[in-house]
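S.K.: Pasting a structure here, questions to come.
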Amino acid sequence: MIEPLPAPVSSPRSGRFLVLAVVFLCAACGLVYELELVALASYLIGDSVTQASVVLSVMVFAMGVGSLLAKRLRCRAAVGFGLIEAALALVGGCSAMVLYATFAWSGGSRYALVAFSLAIGMLIGAEIPLLMTLIQRVSRGAAGDASGTVADLFAADYVGALVGGLAFPFLLLPQLGQLTSALLTGAVNAVAGGSLVLLLFGRDLSRRARWTLLGANALVLVVLALTTAMVGDFEHAARRAVYGGQVRVAVQTHVQEIVLTGRSGASLGLFLDGRLRVDGRDEFRYHAALVGPALARGPHGRVLILGGGDGLAAREVLRRPGVRAVTLVDVDPGLVRLAREDPALASLNAHAYRDPRLRAVAGDPFDWLRGDVRTLGTYDVVICDLPDPGITASTKLYSQEFYGLASRVLAPGGRLVVHAGPVGGRPRTFWTVASTVRAAGLTAFAYRADGRAPGVPAVPGRAHGPAAAPHDWGFVLATRPGPDPPAAAPGPAAGPGAVLPVGSNPLHPPPGATGLPPSTLVHPRYAD
């Protein structure tokens with residue numbers, strides 16, 4: 001049995017409590033680092049499922065390695081734990097800024113992501129073995145009740161992880177942003193680890209060890225403080241590197257980062273989480289092609305827009321004669337507010353939100369459609385102006401279940417139109433959308449709009465260079481099965497360059513695109 005060492009606490013129970021409190025804080029910090037890496041990977045690289053899998057699997061592997069390496073430090077558990085926490089605070093606290101810097105100035109952050117996942121995972125993995133040694137040294141009888149000690153340790157660890165996991169999306173990210181929240185977490189981590197060692201085990205350390213630990217923690221805190229002071233300038237410089245020198249507005253809502261570009265009369269650009277959603281040079285082609293065919297034939301007095309918080313699809317709808325009421329459902333009220341208040345964006349959407357016929361609802365379109373149909377009402381036209389189906393976070397909005405819910409609110413003879421991504425750039429994704437719409441019991445007709453302005457990347461979606469920019473937008477127009485298919489003749493209403501389904505001349509799938517299985521909630525299939 002290891003005898004507890006003298007410590008400036010009133011009883012071994014107090015020392016045990018302090019150790020468990022630090023376990024709680026360290027676990028919370030560790031999970032914040034983990035979620036920060038996952039969030040940044042999804043934002044900077046895309047495909048959140050793949051990036052989350054990479055981060056989590058690499059970190060769990062590294063935690064195992066760290067636990068094995070920690071065995072070498074058990075004879076100097078106190079100073080070893082203190083230095084490990086200082087290193088974890090520095091690496092974890094600065095991870096977000098370094099990842100964003102590599103993305104902004106080198107164009108990629110995959111290797112940095114793996115490196116940080118390994119480093120942070122190893123340091124987190126070394127915590128528990130050392131903390132187990134420390135809690136035994138401050139608790140009389142701990143060695144005789146090893147199972148109870150382990151249970152207390154892991155309980156504190158799991159509760160701390162819960163608090164960190166909830167604090168990140170609901171408090172840290174919306175209030176402080178990704179960079180500052182990581183730096184603040186690092187400071188808490190350093191203070192917790194250093195205070196525990198110096199308060200409880202300071203007398204057990206040599207003079208050199210105490211000063212080494214004090215110096216390491218002081219240095220880490222100074223670096224984190226100075227870095228926090230530079231966050232504003234760094235973000236400004238990084239945004240210039242990513243978006244160019246035309247950034248006018250950059251806000252982080254509880255849903256996404258919104259950036260508006262276009263100074264001194266330059267064309268407006270709207271970026272959501274780093275992906276270009278609107279370019280003022282060609283957005284009219286996209287939105288006219290999205291709205292025009294669905295409203296060209298049949299009743300269209302009541303229109304439902306799912307997504308489209310920028311107000312541009314609503315602009316096109318409100319221009320059509322005969323429209324009496326428009327309901328717009330968007331998950332981000334911050335985007336809707338910006339579309340109302342920003343002079344350039346409000347001018348581009350023709351001040352659509354001032355029109356009394358338009359009613360904006362803040363909510364997830366999927367959840368909103370699950371409401372009582374008697375409350376929701378029925379609509380002559382449903383327009384899905386949603387993120388690209390190739391973006392993992394939006395796959396549920398392109399699922400068979402989603403289209404089934406949308407069909408419930410279609411009035412007899414009503415039409416549903418869906419933006420389905422570029423036909424030329426991601427054909428399998430496009431035809432999977434068409435297959436999924438049909439699987440929901442609707443008759444689907446595919447069409448596309450060409451004529452994107454030269455040099456303008458895909459809308460929506462991110463393109464990596466001119467060669468990666470698709471030259472079209474793909475759409476699926478659908479209705480309930482019946483004798484009269486939805487159709488619209490090409491013309492000014494559809495926008496320049498639009499190619500529309502005309503009678504028996506829809507856009508036919510190429511060989512290999514027929515018979516694609518639909519995408520569902522439990523089996524998403526959007527991958528090219």
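Letters for chains follow the order of the structure tokens (A, B, ...), residue numbers begin at 1 for each chain, and ligand numbers begin at 1 in the order shown.
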Using only C-alpha atoms, which residues sit within 9 Å of stretch 408-422 of chain A once same-chain residues fewer than 2 positions away are excluded, as a ChimeraX atom specification?
M.R.: /A:290-291,293-295,298-300,369,373,376-390,398,403-406,424-427,429-434,442,444,448,458-461,470-480,482,486
S.K.: Could you tell me, as a ChimeraX atom specification, which residues of stretch 313-434 of chain A DSSP assigns to helix (DSSP H, G or I) when given the backbone?
M.R.: /A:313-318,333-341,343-348,352-354,365-369,373-376,392-398,400-408,427-434
S.K.: Within 7 Å of A:Leu328, counting only C-alpha atoms, which residues qualify if same-chain residues fewer than 3 places away don't, as a ChimeraX atom specification?
M.R.: /A:304-307,359-361
S.K.: Which is closest to A:Tyr286 among A:Ala167, A:Val255, A:Ala449, A:Leu521, if we use only C-alpha atoms?
M.R.: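 Closest residue, counting only C-alpha atoms: A:Ala449.
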S.K.: Would you list, as an MDAnalysis selection string, the residues of stretch 120-359 of chain A that end up in strand (DSSP E) under DSSP run on this structure's backbone?
M.R.: chainID A and resid 247:252 257:261 269:272 275:279 302:307 325:330 358:359
S.K.: Produce a file of the selected residues containing N, CA and C atoms, as a CSV table (one decimal), in the first residue's frame.
M.R.:
chain,number,residue,atom,x,y,z
A,247,VAL,N,-14.7,40.9,-47.6
A,247,VAL,CA,-15.6,40.5,-46.6
A,247,VAL,C,-16.2,41.7,-45.9
A,248,ARG,N,-17.6,41.7,-45.9
A,248,ARG,CA,-18.3,42.8,-45.2
A,248,ARG,C,-18.9,42.4,-43.9
A,249,VAL,N,-19.5,41.2,-43.9
A,249,VAL,CA,-20.1,40.7,-42.7
A,249,VAL,C,-19.7,39.3,-42.4
A,250,ALA,N,-19.4,39.0,-41.1
A,250,ALA,CA,-19.0,37.6,-40.7
A,250,ALA,C,-19.6,37.4,-39.3
A,251,VAL,N,-20.6,36.5,-39.3
A,251,VAL,CA,-21.3,36.3,-38.0
A,251,VAL,C,-21.4,34.7,-37.8
A,252,GLN,N,-21.3,34.3,-36.5
A,252,GLN,CA,-21.5,32.9,-36.2
A,252,GLN,C,-22.9,32.8,-35.4
A,257,GLU,N,-21.7,29.5,-39.7
A,257,GLU,CA,-21.0,30.8,-39.9
A,257,GLU,C,-21.5,31.4,-41.2
A,258,ILE,N,-21.9,32.6,-41.1
A,258,ILE,CA,-22.4,33.4,-42.3
A,258,ILE,C,-21.4,34.4,-42.7
A,259,VAL,N,-21.0,34.5,-43.9
A,259,VAL,CA,-20.1,35.5,-44.4
A,259,VAL,C,-20.7,36.1,-45.6
A,260,LEU,N,-20.7,37.4,-45.7
A,260,LEU,CA,-21.1,38.2,-46.8
A,260,LEU,C,-19.9,38.9,-47.4
A,261,THR,N,-19.7,38.8,-48.7
A,261,THR,CA,-18.6,39.5,-49.3
A,261,THR,C,-19.2,40.5,-50.4
A,269,GLY,N,-21.5,38.0,-52.4
A,269,GLY,CA,-21.3,36.6,-52.2
A,269,GLY,C,-21.8,36.2,-50.8
A,270,LEU,N,-22.6,35.1,-50.7
A,270,LEU,CA,-23.0,34.6,-49.4
A,270,LEU,C,-22.4,33.2,-49.2
A,271,PHE,N,-21.6,33.1,-48.1
A,271,PHE,CA,-21.0,31.8,-47.8
A,271,PHE,C,-21.6,31.3,-46.5
A,272,LEU,N,-22.0,30.1,-46.4
A,272,LEU,CA,-22.5,29.4,-45.2
A,272,LEU,C,-21.6,28.3,-44.9
A,275,ARG,N,-19.0,27.5,-47.5
A,275,ARG,CA,-19.5,27.1,-48.8
A,275,ARG,C,-20.3,28.2,-49.5
A,276,LEU,N,-20.0,28.5,-50.7
A,276,LEU,CA,-20.6,29.5,-51.5
A,276,LEU,C,-22.1,29.1,-51.8
A,277,ARG,N,-23.0,29.9,-51.3
A,277,ARG,CA,-24.4,29.6,-51.5
A,277,ARG,C,-25.0,30.6,-52.6
A,278,VAL,N,-24.5,31.8,-52.6
A,278,VAL,CA,-25.1,32.8,-53.5
A,278,VAL,C,-24.0,33.6,-54.1
A,279,ASP,N,-24.0,33.8,-55.4
A,279,ASP,CA,-23.1,34.7,-56.1
A,279,ASP,C,-24.0,35.7,-56.9
A,302,ARG,N,-50.8,29.4,-53.0
A,302,ARG,CA,-50.1,29.1,-51.7
A,302,ARG,C,-48.8,28.4,-52.0
A,303,VAL,N,-47.7,28.9,-51.6
A,303,VAL,CA,-46.4,28.4,-51.9
A,303,VAL,C,-45.6,28.2,-50.6
A,304,LEU,N,-45.0,27.0,-50.5
A,304,LEU,CA,-44.1,26.7,-49.3
A,304,LEU,C,-42.7,26.6,-49.8
A,305,ILE,N,-41.8,27.4,-49.1
A,305,ILE,CA,-40.3,27.3,-49.4
A,305,ILE,C,-39.6,26.7,-48.2
A,306,LEU,N,-38.9,25.6,-48.5
A,306,LEU,CA,-38.2,25.0,-47.4
A,306,LEU,C,-36.7,25.3,-47.6
A,307,GLY,N,-36.1,26.0,-46.7
A,307,GLY,CA,-34.8,26.6,-46.8
A,307,GLY,C,-34.9,28.0,-47.4
A,325,ALA,N,-50.1,33.7,-50.8
A,325,ALA,CA,-49.4,33.5,-49.5
A,325,ALA,C,-48.2,32.6,-49.7
A,326,VAL,N,-47.1,33.0,-49.0
A,326,VAL,CA,-45.8,32.2,-49.1
A,326,VAL,C,-45.4,32.0,-47.6
A,327,THR,N,-45.1,30.7,-47.3
A,327,THR,CA,-44.5,30.3,-46.0
A,327,THR,C,-43.1,29.9,-46.3
A,328,LEU,N,-42.1,30.4,-45.6
A,328,LEU,CA,-40.7,30.1,-45.7
A,328,LEU,C,-40.2,29.5,-44.4
A,329,VAL,N,-39.7,28.3,-44.4
A,329,VAL,CA,-39.2,27.6,-43.2
A,329,VAL,C,-37.7,27.4,-43.4
A,330,ASP,N,-36.9,28.1,-42.5
A,330,ASP,CA,-35.5,28.0,-42.5
A,330,ASP,C,-35.0,27.7,-41.1
A,358,LEU,N,-45.5,37.2,-47.3
A,358,LEU,CA,-44.4,36.2,-46.9
A,358,LEU,C,-44.4,36.1,-45.3
A,359,ARG,N,-44.5,34.8,-44.9
A,359,ARG,CA,-44.4,34.5,-43.5
A,359,ARG,C,-43.2,33.6,-43.3
S.K.: To one decimal place, how far is atom CA of A:Ala27 from atom CA of A:Gln51 in Å?
M.R.: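 Going from atom CA of A:Ala27 over to atom CA of A:Gln51 covers 21.9 Å.
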S.K.: Of the candidates A:Arg240, A:His523, A:Arg137, A:Arg374, which one gets nearest to A:Val19 if we count only C-alpha atoms?
M.R.: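 Nearest to A:Val19: A:Arg137.
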S.K.: What is the distance, in Å and to one decimal place, between atom CA of A:Glu283 and atom CA of A:Leu348?
M.R.: 9.6 Å
S.K.: Could you name the residues that touch A:Ala62 at 6 Å or less, counting only C-alpha atoms, but leaving out those on the same chain fewer than 6 positions away, as a PDB file with all heavy atoms, in the first residue's frame?
M.R.:
ATOM      1  N   LEU A 118      -3.887  12.680 -33.005  1.00  0.00           N
ATOM      2  CA  LEU A 118      -2.920  11.788 -32.366  1.00  0.00           C
ATOM      3  C   LEU A 118      -2.347  12.402 -31.091  1.00  0.00           C
ATOM      4  O   LEU A 118      -2.313  11.763 -30.030  1.00  0.00           O
ATOM      5  CB  LEU A 118      -1.787  11.465 -33.340  1.00  0.00           C
ATOM      6  CG  LEU A 118      -2.042  10.375 -34.377  1.00  0.00           C
ATOM      7  CD1 LEU A 118      -0.920  10.358 -35.405  1.00  0.00           C
ATOM      8  CD2 LEU A 118      -2.157   9.008 -33.703  1.00  0.00           C
ATOM      9  N   GLY A 121      -5.061  12.888 -28.354  1.00  0.00           N
ATOM     10  CA  GLY A 121      -5.480  11.582 -27.867  1.00  0.00           C
ATOM     11  C   GLY A 121      -4.444  10.942 -26.948  1.00  0.00           C
ATOM     12  O   GLY A 121      -4.789  10.374 -25.905  1.00  0.00           O
ATOM     13  N   MET A 122      -3.165  11.024 -27.303  1.00  0.00           N
ATOM     14  CA  MET A 122      -2.121  10.451 -26.456  1.00  0.00           C
ATOM     15  C   MET A 122      -2.059  11.152 -25.103  1.00  0.00           C
ATOM     16  O   MET A 122      -1.914  10.500 -24.049  1.00  0.00           O
ATOM     17  CB  MET A 122      -0.773  10.537 -27.171  1.00  0.00           C
ATOM     18  CG  MET A 122      -0.634   9.605 -28.357  1.00  0.00           C
ATOM     19  SD  MET A 122       0.946   9.790 -29.218  1.00  0.00           S
ATOM     20  CE  MET A 122       2.079   9.271 -27.940  1.00  0.00           C
TER      21      MET A 122
END
S.K.: Pick out the closest residue to A:Arg297 from this set: A:Arg320, A:Arg16, A:Arg239, A:Arg74. Count only C-alpha atoms.
M.R.: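 That would be A:Arg320, the residue with the smallest distance to A:Arg297.
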S.K.: Write out as an mmCIF file with N, CA and C atoms, in the first residue's frame each polymer residue whose atoms come within 9 Å of A:Met132, counting only C-alpha atoms; drop sequence neighbours fewer than 6 positions from it.
M.R.:
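Dumped everything to around14.cif:
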data_model
loop_
_atom_site.group_PDB
_atom_site.id
_atom_site.type_symbol
_atom_site.label_atom_id
_atom_site.label_comp_id
_atom_site.auth_asym_id
_atom_site.auth_seq_id
_atom_site.Cartn_x
_atom_site.Cartn_y
_atom_site.Cartn_z
ATOM 1 N N THR A 149 -12.323 3.084 -5.983
ATOM 2 C CA THR A 149 -11.542 4.203 -6.498
ATOM 3 C C THR A 149 -11.701 4.340 -8.009
ATOM 4 N N VAL A 150 -11.642 3.201 -8.688
ATOM 5 C CA VAL A 150 -11.813 3.222 -10.145
ATOM 6 C C VAL A 150 -13.212 3.718 -10.511
ATOM 7 N N LEU A 153 -13.366 7.448 -10.041
ATOM 8 C CA LEU A 153 -12.565 8.126 -11.055
ATOM 9 C C LEU A 153 -13.302 8.190 -12.390
#
S.K.: Given only C-alpha atoms as the basis, pick out the residue of A:Phe170, A:Phe154, A:Phe234, A:Tyr100 nearest to A:Ala21.
M.R.: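 The shortest atom-to-atom distance to A:Ala21 comes from A:Phe154.
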S.K.: Counting only C-alpha atoms, figure out which residue out of A:Ala39, A:Ala446, A:Glu401, A:Asn349 gets nearest to A:Val423.
M.R.: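 Smallest distance to A:Val423 is found for A:Ala446.
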